[in-house]
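Just data01.txt here, compact mmCIF, C-alpha atoms:
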# COMPACT_ATOMS: atom_id res chain seq x y z
CA MET I 63 -80.23 -40.96 -41.19
CA PRO I 64 -79.60 -44.72 -41.02
CA PRO I 65 -82.50 -46.98 -40.00
CA SER I 66 -80.25 -48.96 -37.66
CA VAL I 67 -76.83 -48.95 -36.08
CA ALA I 68 -74.52 -51.79 -35.03
CA LEU I 69 -73.63 -52.14 -31.37
CA THR I 70 -70.61 -54.25 -30.42
CA VAL I 71 -70.91 -55.11 -26.76
CA ALA I 72 -68.33 -56.79 -24.51
CA ARG I 73 -69.75 -59.93 -22.90
CA TYR I 74 -68.27 -61.81 -20.00
CA ARG I 75 -70.20 -64.74 -18.62
CA PRO I 76 -67.99 -66.33 -15.98
CA GLU I 77 -69.98 -69.57 -16.04
CA ARG I 78 -69.27 -69.96 -19.75
CA GLU I 79 -66.06 -68.21 -20.74
CA ALA I 80 -62.64 -67.49 -19.29
CA GLU I 81 -62.33 -64.03 -20.82
CA PRO I 82 -64.60 -61.45 -22.44
CA THR I 83 -65.87 -61.77 -25.98
CA PHE I 84 -67.75 -59.33 -28.18
CA GLN I 85 -71.33 -59.68 -29.37
CA ASN I 86 -72.95 -57.67 -32.15
CA TYR I 87 -76.48 -56.31 -32.02
CA GLU I 88 -78.31 -54.35 -34.68
CA ILE I 89 -80.52 -51.77 -33.02
CA PRO I 90 -82.93 -49.21 -34.50
CA PHE I 91 -81.35 -45.77 -34.76
CA ARG I 92 -83.17 -42.89 -33.14
CA LYS I 93 -81.79 -39.38 -33.01
CA ASP I 94 -82.75 -38.90 -29.36
CA TRP I 95 -81.31 -42.21 -28.18
CA VAL I 96 -78.23 -42.43 -26.00
CA VAL I 97 -76.03 -45.54 -25.69
CA LEU I 98 -77.92 -46.52 -22.53
CA ASP I 99 -81.21 -46.52 -24.48
CA ALA I 100 -79.58 -48.83 -27.02
CA LEU I 101 -78.42 -51.20 -24.26
CA ASN I 102 -81.91 -51.18 -22.74
CA HIS I 103 -83.33 -51.97 -26.18
CA VAL I 104 -81.01 -54.97 -26.38
CA LYS I 105 -82.00 -56.07 -22.87
CA ASP I 106 -85.75 -55.66 -23.50
CA HIS I 107 -86.03 -56.97 -27.06
CA LEU I 108 -82.94 -58.84 -28.23
CA ASP I 109 -81.03 -60.44 -25.37
CA GLY I 110 -82.28 -60.39 -21.80
CA SER I 111 -79.05 -61.86 -20.50
CA LEU I 112 -77.00 -58.68 -21.06
CA SER I 113 -75.92 -57.19 -17.72
CA PHE I 114 -75.16 -53.51 -17.08
CA ARG I 115 -75.76 -50.94 -14.36
CA TRP I 116 -77.93 -47.89 -14.67
CA SER I 117 -80.38 -45.91 -12.61
CA CYS I 118 -81.24 -42.24 -13.12
CA ARG I 119 -80.72 -41.78 -16.90
CA MET I 120 -79.78 -38.13 -16.29
CA GLY I 121 -76.12 -37.93 -15.27
CA VAL I 122 -76.72 -37.80 -11.55
CA CYS I 123 -76.34 -41.31 -10.14
CA GLY I 124 -73.03 -42.20 -11.82
CA SER I 125 -74.00 -45.86 -12.37
CA CYS I 126 -73.84 -46.18 -16.15
CA GLY I 127 -70.16 -45.43 -16.77
CA MET I 128 -68.74 -47.60 -19.58
CA LYS I 129 -66.20 -47.33 -22.34
CA VAL I 130 -67.75 -46.18 -25.61
CA ASN I 131 -65.43 -46.59 -28.60
CA GLY I 132 -62.51 -46.72 -26.18
CA THR I 133 -63.34 -43.59 -24.13
CA PRO I 134 -64.88 -43.70 -20.63
CA LYS I 135 -68.37 -42.16 -20.87
CA LEU I 136 -71.63 -41.90 -18.99
CA THR I 137 -73.78 -43.91 -21.38
CA CYS I 138 -76.88 -41.90 -20.41
CA ALA I 139 -75.25 -38.77 -21.83
CA THR I 140 -73.62 -40.27 -24.92
CA PHE I 141 -75.76 -39.94 -28.03
CA LEU I 142 -75.74 -42.60 -30.72
CA SER I 143 -75.82 -39.84 -33.35
CA ASP I 144 -72.27 -38.80 -32.34
CA TYR I 145 -70.95 -42.23 -33.37
CA LEU I 146 -72.51 -42.68 -36.79
CA PRO I 147 -72.23 -44.69 -38.95
CA GLY I 148 -71.06 -47.13 -36.28
CA PRO I 149 -70.40 -49.76 -35.15
CA ILE I 150 -70.39 -48.50 -31.57
CA ARG I 151 -68.19 -50.51 -29.22
CA VAL I 152 -69.32 -50.70 -25.59
CA GLU I 153 -66.98 -52.17 -22.96
CA PRO I 154 -66.76 -52.19 -19.18
CA LEU I 155 -64.58 -49.53 -17.49
CA ASP I 156 -60.86 -50.28 -17.54
CA TYR I 157 -58.80 -51.28 -14.50
CA PHE I 158 -61.70 -52.62 -12.43
CA PRO I 159 -62.40 -56.36 -12.21
CA VAL I 160 -65.31 -57.32 -14.45
CA VAL I 161 -68.10 -59.12 -12.58
CA ARG I 162 -70.24 -59.79 -15.63
CA ASP I 163 -70.63 -58.22 -19.10
CA LEU I 164 -70.47 -54.46 -18.47
CA VAL I 165 -70.64 -54.62 -14.68
CA VAL I 166 -67.42 -53.89 -12.76
CA ASP I 167 -66.58 -54.27 -9.09
CA LEU I 168 -65.99 -50.96 -7.27
CA THR I 169 -65.00 -52.29 -3.84
CA ASP I 170 -61.47 -50.91 -4.23
CA PHE I 171 -62.76 -47.37 -4.73
CA MET I 172 -65.23 -47.58 -1.86
CA ARG I 173 -62.40 -48.61 0.47
CA LYS I 174 -60.17 -45.75 -0.72
CA LEU I 175 -62.98 -43.22 -0.50
CA LYS I 176 -63.51 -44.10 3.16
CA GLN I 177 -59.76 -43.75 3.81
CA VAL I 178 -59.72 -40.05 2.83
CA LYS I 179 -62.52 -39.26 5.32
CA PRO I 180 -64.93 -37.49 2.98
CA TRP I 181 -67.03 -35.87 5.67
CA ILE I 182 -66.83 -32.71 7.76
CA ILE I 183 -64.43 -33.16 10.66
CA ARG I 184 -64.77 -30.64 13.51
CA LYS I 185 -62.34 -30.01 16.33
CA GLU I 186 -65.34 -29.31 18.49
CA GLU I 187 -68.94 -29.92 17.57
CA LYS I 188 -71.28 -27.21 18.71
CA PRO I 189 -74.63 -28.28 20.11
CA PRO I 190 -77.51 -28.31 17.61
CA SER I 191 -79.27 -25.65 19.65
CA GLU I 192 -76.61 -23.14 18.49
CA GLY I 193 -77.71 -23.59 14.88
CA GLU I 194 -75.99 -24.40 11.60
CA TYR I 195 -72.37 -23.81 10.63
CA LEU I 196 -72.78 -20.82 8.37
CA GLN I 197 -70.95 -20.30 5.10
CA THR I 198 -70.84 -17.43 2.61
CA PRO I 199 -71.44 -17.98 -1.14
CA ASP I 200 -67.74 -17.19 -1.75
CA GLN I 201 -66.71 -19.88 0.75
CA LEU I 202 -69.04 -22.34 -0.97
CA ASP I 203 -67.60 -21.38 -4.33
CA THR I 204 -64.07 -22.46 -3.36
CA TYR I 205 -64.97 -26.16 -3.14
CA LYS I 206 -68.27 -26.45 -5.02
CA GLN I 207 -66.64 -27.74 -8.20
CA PHE I 208 -65.15 -30.73 -6.35
CA SER I 209 -68.45 -31.48 -4.62
CA MET I 210 -70.06 -32.23 -8.00
CA CYS I 211 -68.38 -35.67 -8.19
CA ILE I 212 -70.90 -38.48 -8.71
CA ASN I 213 -68.44 -41.37 -8.19
CA CYS I 214 -68.96 -42.61 -11.73
CA MET I 215 -65.37 -43.91 -11.94
CA LEU I 216 -64.70 -42.57 -15.44
CA CYS I 217 -61.61 -40.80 -14.06
CA TYR I 218 -60.16 -44.04 -12.68
CA SER I 219 -60.78 -45.77 -15.97
CA ALA I 220 -58.94 -42.95 -17.80
CA CYS I 221 -55.98 -42.90 -15.40
CA PRO I 222 -53.05 -45.05 -16.57
CA ILE I 223 -51.38 -44.61 -13.17
CA TYR I 224 -54.31 -46.37 -11.50
CA GLY I 225 -54.00 -49.14 -14.09
CA LEU I 226 -50.29 -49.58 -13.46
CA GLU I 227 -50.31 -48.92 -9.69
CA PRO I 228 -53.65 -50.14 -8.35
CA SER I 229 -52.71 -48.97 -4.85
CA PHE I 230 -52.98 -45.30 -6.01
CA ILE I 231 -55.81 -43.61 -4.11
CA GLY I 232 -56.97 -42.16 -7.40
CA PRO I 233 -58.53 -38.99 -8.86
CA ALA I 234 -62.09 -38.98 -7.48
CA ALA I 235 -61.13 -39.86 -3.91
CA ILE I 236 -58.48 -37.10 -3.85
CA ALA I 237 -60.88 -34.57 -5.40
CA LEU I 238 -63.43 -35.45 -2.71
CA ALA I 239 -60.80 -35.11 0.02
CA GLN I 240 -59.98 -31.67 -1.39
CA ARG I 241 -63.69 -30.83 -1.40
CA TYR I 242 -63.71 -31.22 2.40
CA ASN I 243 -60.27 -29.65 2.94
CA MET I 244 -61.47 -26.47 1.24
CA ASP I 245 -64.75 -26.37 3.11
CA SER I 246 -64.67 -23.49 5.62
CA ARG I 247 -66.57 -25.64 8.16
CA ASP I 248 -63.99 -28.44 8.13
CA HIS I 249 -60.98 -28.91 10.43
CA GLY I 250 -59.78 -32.28 9.10
CA ALA I 251 -57.09 -31.18 6.62
CA THR I 252 -54.20 -32.45 8.77
CA GLU I 253 -55.82 -35.88 9.21
CA ARG I 254 -56.34 -36.18 5.46
CA LEU I 255 -52.85 -34.92 4.64
CA LYS I 256 -51.38 -37.90 6.49
CA ILE I 257 -53.18 -40.28 4.14
CA LEU I 258 -52.86 -38.26 0.96
CA SER I 259 -49.17 -37.41 1.27
CA GLU I 260 -48.21 -41.06 1.61
CA HIS I 261 -46.71 -43.05 -1.26
CA ASP I 262 -50.10 -44.06 -2.68
CA GLY I 263 -51.54 -40.56 -2.46
CA ILE I 264 -50.97 -37.42 -4.49
CA TRP I 265 -47.34 -38.09 -5.40
CA GLN I 266 -48.26 -41.08 -7.56
CA CYS I 267 -50.01 -38.69 -9.94
CA THR I 268 -47.81 -37.45 -12.76
CA PHE I 269 -50.42 -35.18 -14.35
CA VAL I 270 -51.57 -37.15 -17.35
CA GLY I 271 -54.71 -35.02 -17.13
CA GLU I 272 -57.11 -37.54 -18.70
CA CYS I 273 -59.21 -37.72 -15.51
CA THR I 274 -60.24 -34.11 -15.98
CA LYS I 275 -60.93 -34.61 -19.69
CA VAL I 276 -63.36 -37.50 -19.17
CA CYS I 277 -65.14 -36.09 -16.09
CA PRO I 278 -68.82 -35.59 -17.01
CA LYS I 279 -69.37 -33.13 -14.12
CA HIS I 280 -66.33 -30.87 -14.75
CA VAL I 281 -64.89 -31.67 -11.34
CA ASP I 282 -61.26 -31.34 -12.52
CA PRO I 283 -59.67 -34.05 -10.34
CA ALA I 284 -56.26 -33.34 -11.94
CA GLY I 285 -56.52 -29.77 -10.64
CA ALA I 286 -57.48 -31.01 -7.16
CA ILE I 287 -54.41 -33.27 -7.07
CA GLN I 288 -52.01 -30.54 -8.27
CA GLN I 289 -53.43 -28.11 -5.68
CA TYR I 290 -52.99 -30.73 -3.03
CA LYS I 291 -49.38 -31.31 -4.12
CA LEU I 292 -48.74 -27.62 -3.48
CA THR I 293 -50.37 -27.92 -0.04
CA GLY I 294 -48.34 -31.06 0.71
CA ALA I 295 -45.06 -29.49 -0.42
CA THR I 296 -45.74 -26.28 1.56
CA HIS I 297 -46.53 -28.34 4.63
CA TRP I 298 -43.30 -30.31 4.19
CA VAL I 299 -41.17 -27.14 3.88
CA LYS I 300 -42.91 -25.66 6.93
CA SER I 301 -42.27 -28.83 8.91
CA LEU I 302 -38.56 -28.51 8.05
CA LEU I 303 -38.29 -24.84 8.91
CA LEU I 304 -40.78 -24.67 11.77
CA PRO I 305 -41.04 -28.21 13.17
CA TRP I 306 -43.11 -26.97 16.11
CA GLY I 307 -45.54 -25.01 13.88
CA THR I 308 -47.05 -27.89 11.92
CA ARG I 309 -48.05 -30.15 14.75
CA MET W 70 -78.78 -73.80 6.46
CA SER W 71 -76.58 -75.91 4.24
CA GLY W 72 -74.61 -74.55 1.29
CA GLY W 73 -74.51 -71.03 -0.10
CA PRO W 74 -77.06 -69.62 -2.50
CA GLN W 75 -76.59 -70.52 -6.16
CA TYR W 76 -75.68 -67.03 -7.35
CA THR W 77 -72.38 -67.03 -5.48
CA LEU W 78 -71.13 -69.97 -7.56
CA TYR W 79 -69.21 -67.80 -10.08
CA HIS W 80 -68.68 -64.89 -7.74
CA PRO W 81 -64.88 -65.16 -7.45
CA ARG W 82 -64.43 -65.50 -11.18
CA TRP W 83 -63.93 -61.83 -11.89
CA TYR W 84 -62.06 -60.97 -15.03
CA ARG W 85 -59.07 -58.72 -14.54
CA ARG W 86 -57.83 -57.23 -17.76
CA ARG W 87 -54.07 -56.95 -18.06
CA VAL W 88 -52.71 -53.57 -19.04
CA SER W 89 -51.17 -53.83 -22.50
CA VAL W 90 -47.46 -53.09 -22.85
CA TRP W 91 -48.47 -50.58 -25.55
CA TRP W 92 -51.03 -48.69 -23.43
CA TRP W 93 -49.02 -45.49 -23.77
CA LEU W 94 -49.58 -45.42 -27.53
CA GLN W 95 -53.37 -45.37 -27.22
CA LYS W 96 -53.67 -41.61 -26.70
CA TRP W 97 -51.43 -38.61 -27.20
CA SER W 98 -51.84 -37.61 -23.53
CA TYR W 99 -50.52 -41.06 -22.48
CA THR W 100 -47.59 -40.82 -24.92
CA GLY W 101 -46.88 -37.30 -23.68
CA PHE W 102 -46.83 -38.55 -20.10
CA VAL W 103 -44.33 -41.34 -20.85
CA LEU W 104 -42.26 -38.90 -22.92
CA ARG W 105 -42.17 -36.51 -19.93
CA GLU W 106 -41.05 -39.28 -17.61
CA LEU W 107 -38.26 -40.37 -19.95
CA THR W 108 -37.07 -36.93 -21.02
CA SER W 109 -36.69 -35.64 -17.47
CA VAL W 110 -33.15 -37.00 -17.89
CA PHE W 111 -32.48 -34.17 -20.35
CA VAL W 112 -33.76 -31.58 -17.86
CA ALA W 113 -31.31 -32.96 -15.31
CA PHE W 114 -28.59 -32.82 -17.99
CA SER W 115 -29.33 -29.12 -18.66
CA ALA W 116 -29.17 -28.36 -14.94
CA LEU W 117 -25.81 -30.12 -14.69
CA VAL W 118 -24.45 -28.15 -17.67
CA TYR W 119 -25.46 -24.90 -15.91
CA LEU W 120 -23.69 -26.02 -12.74
CA TRP W 121 -20.64 -26.91 -14.80
CA GLN W 122 -20.79 -23.45 -16.40
CA LEU W 123 -20.93 -21.77 -12.97
CA ARG W 124 -17.95 -23.82 -11.82
CA ALA W 125 -15.98 -22.83 -14.94
CA LEU W 126 -16.89 -19.16 -14.33
CA THR W 127 -15.52 -19.27 -10.79
CA GLN W 128 -12.28 -20.83 -12.05
CA GLY W 129 -11.39 -17.88 -14.28
CA PRO W 130 -11.30 -16.96 -18.00
CA GLY W 131 -9.11 -19.90 -19.02
CA ALA W 132 -11.46 -22.51 -17.60
CA TYR W 133 -14.49 -20.67 -19.03
CA GLY W 134 -12.89 -20.59 -22.47
CA GLN W 135 -12.29 -24.32 -22.25
CA PHE W 136 -15.94 -24.84 -21.21
CA LEU W 137 -17.17 -22.83 -24.21
CA ALA W 138 -14.87 -24.78 -26.55
CA ARG W 139 -16.33 -28.07 -25.23
CA LEU W 140 -19.87 -26.76 -25.82
CA ARG W 141 -18.98 -26.10 -29.47
CA THR W 142 -18.10 -29.71 -30.22
CA PRO W 143 -20.62 -31.44 -32.55
CA LEU W 144 -21.62 -34.02 -29.92
CA PHE W 145 -22.49 -31.31 -27.40
CA LEU W 146 -24.34 -29.27 -30.01
CA ILE W 147 -26.53 -32.29 -30.88
CA VAL W 148 -27.20 -33.30 -27.25
CA ASP W 149 -27.83 -29.66 -26.28
CA THR W 150 -30.34 -29.18 -29.10
CA ILE W 151 -32.23 -32.31 -28.06
CA ALA W 152 -32.09 -31.22 -24.41
CA PHE W 153 -33.37 -27.74 -25.34
CA ILE W 154 -36.39 -29.23 -27.17
CA PHE W 155 -37.29 -31.40 -24.17
CA VAL W 156 -36.71 -28.61 -21.64
CA LEU W 157 -39.11 -26.51 -23.73
CA PHE W 158 -41.61 -29.40 -23.68
CA HIS W 159 -41.36 -29.56 -19.86
CA ALA W 160 -41.64 -25.77 -19.55
CA ILE W 161 -44.86 -25.77 -21.60
CA THR W 162 -46.22 -28.60 -19.41
CA TRP W 163 -45.41 -26.59 -16.27
CA PHE W 164 -46.88 -23.37 -17.62
CA ASN W 165 -50.10 -25.17 -18.51
CA LEU W 166 -50.17 -26.88 -15.12
CA THR W 167 -49.76 -23.68 -13.08
CA PRO W 168 -53.45 -22.62 -13.04
CA LYS W 169 -54.38 -26.17 -11.98
CA ALA W 170 -52.06 -26.06 -8.97
CA MET W 171 -52.51 -22.40 -8.05
CA VAL W 172 -56.01 -21.07 -7.81
CA LEU W 173 -55.87 -17.29 -7.54
CA ARG W 174 -58.86 -15.30 -6.42
CA LEU W 175 -59.36 -11.60 -6.97
CA ARG W 176 -62.31 -9.95 -5.22
CA GLY W 177 -63.84 -13.37 -4.59
CA LYS W 178 -63.68 -14.41 -8.28
CA ARG W 179 -61.32 -17.04 -9.61
CA VAL W 180 -58.71 -15.63 -11.99
CA PRO W 181 -59.26 -17.44 -15.35
CA ASP W 182 -56.73 -20.15 -16.24
CA TRP W 183 -55.68 -18.41 -19.46
CA VAL W 184 -54.60 -15.30 -17.53
CA ILE W 185 -52.25 -17.31 -15.28
CA VAL W 186 -50.87 -19.32 -18.23
CA GLY W 187 -50.55 -16.09 -20.24
CA LEU W 188 -48.60 -14.38 -17.45
CA ASN W 189 -46.18 -17.32 -17.37
CA TYR W 190 -45.55 -17.11 -21.11
CA ALA W 191 -45.30 -13.31 -20.96
CA ALA W 192 -42.72 -13.50 -18.15
CA CYS W 193 -40.77 -16.15 -20.06
CA LEU W 194 -40.79 -14.06 -23.26
CA ALA W 195 -39.82 -10.88 -21.38
CA LEU W 196 -36.89 -12.58 -19.63
CA SER W 197 -35.79 -14.24 -22.89
CA GLY W 198 -35.96 -10.79 -24.50
CA VAL W 199 -33.75 -9.30 -21.78
CA VAL W 200 -31.22 -12.14 -22.19
CA ALA W 201 -31.27 -11.77 -26.00
CA PHE W 202 -30.79 -8.00 -25.66
CA MET W 203 -27.78 -8.50 -23.37
CA LEU W 204 -26.28 -11.04 -25.79
CA VAL W 205 -26.76 -8.78 -28.84
CA ARG W 206 -25.29 -5.80 -27.00
CA GLY W 207 -22.33 -8.04 -26.12
So, in terms of structure tokens, how does the structure I just supplied come out?
Amino acid sequence: MPPSVALTVARYRPEREAEPTFQNYEIPFRKDWVVLDALNHVKDHLDGSLSFRWSCRMGVCGSCGMKVNGTPKLTCATFLSDYLPGPIRVEPLDYFPVVRDLVVDLTDFMRKLKQVKPWIIRKEEKPPSEGEYLQTPDQLDTYKQFSMCINCMLCYSACPIYGLEPSFIGPAAIALAQRYNMDSRDHGATERLKILSEHDGIWQCTFVGECTKVCPKHVDPAGAIQQYKLTGATHWVKSLLLPWGTR
Amino acid sequence: MSGGPQYTLYHPRWYRRRVSVWWWLQKWSYTGFVLRELTSVFVAFSALVYLWQLRALTQGPGAYGQFLARLRTPLFLIVDTIAFIFVLFHAITWFNLTPKAMVLRLRGKRVPDWVIVGLNYAACLALSGVVAFMLVRG
């Protein structure tokens, strides 16, 4: 086992440089260290000016998404030992504007997420005194996979369509829309279909499939989009054959 | 209060990376995607040839014979072979995509992806077998 490993980190300091550069750090190698531990070592002992986001260290908060050797990864779940002998290249996620070093701006996603109405929409709300909206384990099972999304943005960074057409709503937002569409308590599918079947919605996706490959929570956004395409197409055919039935 | 706080000084200076012209060579899945987009032309070509064949069939044996003779020319043989390879490529993509788009549930359990993909391939092989049988029998 090597005593140390080289870390090549993308730096962007807007007050100093017009575009990112790379900086090398030699960090001690430990078998139980993940890339995030290495970055924290740099921050604590070598260079306090390095900026990156992190919070939970356990694959729940979705803050520490970065590109490791070219692949979008949660750095808290990416072990140094898988990249030996190094060097390990750490860069900010693709297709998002870089604020500083490894920190990207996610405003675009937050706006799109809100557009797809990721909450339970009811035709009529029943009063709290009547109790909860009940659901069977089978009903939960139909959408549970999509509810595991932690908004880490690895799928956007892996999606060339989002890179080429930034107006594309994108994998995570569509998967989250599908999470609510499939929820037995929700009545908002028609409202969401209007947004998702537009030009920037599901039809932009051409099934590259990388979003599903990089997803650390096995959400399968590519699957969500293809399922939604089937829903959208069925709805379109129905609206042609039975124009009064789809209103 | 006069003036904004210091930390907003460089705020608008975000760096936006430009997508390289060669992005589609970075991964096989990206290359495959671009290849699918480009080769859809060959799928359209195959569909047109089938329509042409149907038209020739309706016009009688003479026209159909002429159609078959055209198909035997070297240019058609080359283009048809290339088209066949790409149609196969698209068929495989579609077969693999089916379980993603269609989630089947039996007794509350999701039917595994490999079963749906397998059924597609089995149906394709069975139909190809039937066609081959009919051709061999003449």
- Message: I'd like the neighbourhood of I:Lys291 as JSON, numbers by chain, where a residue qualifies if any of its atoms comes within 10 Å (using all atoms listed in the file), though same-chain residues fewer than 4 positions away should be ignored.
- Response: {"I": [258, 259, 263, 264, 265, 267, 285, 286, 287, 295, 296, 297], "W": [170]}
Can you spit out the residues from that selection as a compact mmCIF listing (two decimals), in the coordinates of the input, using C-alpha atoms?
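The result, written out as out-v1.txt:
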# COMPACT_ATOMS: atom_id res chain seq x y z
CA LEU I 258 -52.86 -38.26 0.96
CA SER I 259 -49.17 -37.41 1.27
CA GLY I 263 -51.54 -40.56 -2.46
CA ILE I 264 -50.97 -37.42 -4.49
CA TRP I 265 -47.34 -38.09 -5.40
CA CYS I 267 -50.01 -38.69 -9.94
CA GLY I 285 -56.52 -29.77 -10.64
CA ALA I 286 -57.48 -31.01 -7.16
CA ILE I 287 -54.41 -33.27 -7.07
CA ALA I 295 -45.06 -29.49 -0.42
CA THR I 296 -45.74 -26.28 1.56
CA HIS I 297 -46.53 -28.34 4.63
CA ALA W 170 -52.06 -26.06 -8.97
- Query: Between atom CA of I:Ile89 and atom CA of I:Leu108, what is the distance, to one decimal in Å?
  - Reply: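 Calculated distance between atom CA of I:Ile89 and atom CA of I:Leu108 is 8.9 Å.
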Could you list, as an mmCIF file with C-alpha atoms, in the coordinates of the input, the residues of chain I having an atom within 7 Å of chain W when counting all atoms listed in the file?
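And here is the file that came out, result.cif:
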data_model
loop_
_atom_site.group_PDB
_atom_site.id
_atom_site.type_symbol
_atom_site.label_atom_id
_atom_site.label_comp_id
_atom_site.auth_asym_id
_atom_site.auth_seq_id
_atom_site.Cartn_x
_atom_site.Cartn_y
_atom_site.Cartn_z
ATOM 1 C CA PRO I 76 -67.990 -66.330 -15.980
ATOM 2 C CA GLU I 77 -69.980 -69.570 -16.040
ATOM 3 C CA GLU I 81 -62.330 -64.030 -20.820
ATOM 4 C CA TYR I 157 -58.800 -51.280 -14.500
ATOM 5 C CA PHE I 158 -61.700 -52.620 -12.430
ATOM 6 C CA PRO I 159 -62.400 -56.360 -12.210
ATOM 7 C CA VAL I 160 -65.310 -57.320 -14.450
ATOM 8 C CA VAL I 161 -68.100 -59.120 -12.580
ATOM 9 C CA ASP I 200 -67.740 -17.190 -1.750
ATOM 10 C CA GLY I 225 -54.000 -49.140 -14.090
ATOM 11 C CA VAL I 270 -51.570 -37.150 -17.350
ATOM 12 C CA GLY I 285 -56.520 -29.770 -10.640
ATOM 13 C CA GLN I 288 -52.010 -30.540 -8.270
ATOM 14 C CA GLN I 289 -53.430 -28.110 -5.680
ATOM 15 C CA LEU I 292 -48.740 -27.620 -3.480
#
Go ahead and fit an axis-aligned box to every listed atom of stretch 182-200 of chain I plus 4 Å each side, and pass me the centre and edge lengths in Å, one decimal, as JSON.
{"center_x": -70.8, "center_y": -25.2, "center_z": 9.2, "size_x": 24.9, "size_y": 24.0, "size_z": 29.9}
Name the residues in contact with W:Val110 at a cut-off of 12 Å, using all atoms listed in the file, excluding same-chain residues fewer than 5 positions from it; report them as an mmCIF file with C-alpha atoms, in the coordinates of the input.
data_model
loop_
_atom_site.group_PDB
_atom_site.id
_atom_site.type_symbol
_atom_site.label_atom_id
_atom_site.label_comp_id
_atom_site.auth_asym_id
_atom_site.auth_seq_id
_atom_site.Cartn_x
_atom_site.Cartn_y
_atom_site.Cartn_z
ATOM 1 C CA LEU W 104 -42.260 -38.900 -22.920
ATOM 2 C CA ARG W 105 -42.170 -36.510 -19.930
ATOM 3 C CA SER W 115 -29.330 -29.120 -18.660
ATOM 4 C CA ALA W 116 -29.170 -28.360 -14.940
ATOM 5 C CA LEU W 117 -25.810 -30.120 -14.690
ATOM 6 C CA VAL W 148 -27.200 -33.300 -27.250
ATOM 7 C CA ILE W 151 -32.230 -32.310 -28.060
ATOM 8 C CA ALA W 152 -32.090 -31.220 -24.410
ATOM 9 C CA PHE W 153 -33.370 -27.740 -25.340
ATOM 10 C CA PHE W 155 -37.290 -31.400 -24.170
ATOM 11 C CA VAL W 156 -36.710 -28.610 -21.640
ATOM 12 C CA HIS W 159 -41.360 -29.560 -19.860
#
- Item | Expected answer as number ranges by chain: all residues with atoms within 12 Å of (-65.9, -32.5, -18.8), only C-alpha atoms | I: 134-136, 139, 207, 210-211, 216-217, 271-284
- Query: Neighbours of stretch 67-69 of chain I within 9 Å (all atoms listed in the file; same-chain residues fewer than 6 positions away dropped), as a VMD selection string?
  - Reply: chain I and resid 85 to 91 100 to 101 142 146 to 152
Please save C-alpha atoms of the selected residues as a compact mmCIF listing (two decimals), keeping the file's coordinate frame.
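The resulting part_2.txt:
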# COMPACT_ATOMS: atom_id res chain seq x y z
CA GLN I 85 -71.33 -59.68 -29.37
CA ASN I 86 -72.95 -57.67 -32.15
CA TYR I 87 -76.48 -56.31 -32.02
CA GLU I 88 -78.31 -54.35 -34.68
CA ILE I 89 -80.52 -51.77 -33.02
CA PRO I 90 -82.93 -49.21 -34.50
CA PHE I 91 -81.35 -45.77 -34.76
CA ALA I 100 -79.58 -48.83 -27.02
CA LEU I 101 -78.42 -51.20 -24.26
CA LEU I 142 -75.74 -42.60 -30.72
CA LEU I 146 -72.51 -42.68 -36.79
CA PRO I 147 -72.23 -44.69 -38.95
CA GLY I 148 -71.06 -47.13 -36.28
CA PRO I 149 -70.40 -49.76 -35.15
CA ILE I 150 -70.39 -48.50 -31.57
CA ARG I 151 -68.19 -50.51 -29.22
CA VAL I 152 -69.32 -50.70 -25.59
- d(atom CA of I:Phe230, atom CA of I:Ser125) in Å: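 Going from atom CA of I:Phe230 over to atom CA of I:Ser125 covers 22.0 Å.
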- Message: Give me the residues near W:Arg139 as a PyMOL selection string, where near means some atom within 12 Å (using all atoms listed in the file) and where sequence neighbours in that chain fewer than 4 positions away do not count.
- Response: chain W and resi 118+121-122+125+132-135+143-146+149
- Would you mind telling me which residue in I:Arg78, I:Arg247, I:His107, I:Arg162 lies nearest to I:Glu186 when using all atoms listed in the file?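 For I:Glu186, the nearest of the candidates is I:Arg247.
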- Kindly give the distance, in Å, that separates atom CA of I:Ala234 and atom CA of W:Leu173, rounded to a single decimal.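 That distance, rounded to one decimal, is 22.6 Å.
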- Compute the distance from (-70.0, -38.5, -6.7) to each atom, counting all atoms listed in the file, keep the residues with any atom at most 9 Å away, and return them as a list of chain:residue names; use the coordinates of the file.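 Those residues lying close to the given coordinates are I:Val122, I:Cys123, I:Gly124, I:Ser209, I:Met210, I:Cys211, I:Ile212, I:Asn213, I:Cys214, I:Met215, I:Ala234, I:Leu238.
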Could you give me, as a PDB file with C-alpha atoms, keeping the file's coordinate frame, the residues within 8 Å of I:Tyr205, counting only C-alpha atoms and dropping anything in the same chain fewer than 6 positions from it?
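Contents of selection-v4.pdb, freshly written:
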ATOM      1  CA  GLN I 240     -59.980 -31.670  -1.390  1.00  0.00           C
ATOM      2  CA  ARG I 241     -63.690 -30.830  -1.400  1.00  0.00           C
ATOM      3  CA  TYR I 242     -63.710 -31.220   2.400  1.00  0.00           C
ATOM      4  CA  MET I 244     -61.470 -26.470   1.240  1.00  0.00           C
ATOM      5  CA  ASP I 245     -64.750 -26.370   3.110  1.00  0.00           C
TER       6      ASP I 245
END
- Query: For W:Asn165, which residue out of W:Leu140, W:Val186, W:Val180, W:Ala191 is the nearest one, using only C-alpha atoms?
  - Reply: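 Between W:Leu140, W:Val186, W:Val180, W:Ala191, the residue approaching W:Asn165 most closely is W:Val186.
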- Item | Residue nearest I:Gly121 - candidates I:Thr252, I:Thr140, I:Asn102, I:Gln197, atoms counted: only C-alpha atoms | I:Thr140
- Which is closest to I:Phe171 among I:Ala235, I:Ile223, I:Met120, I:Leu302, if we use all atoms listed in the file?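 Of all the options, I:Ala235 lies closest to I:Phe171.
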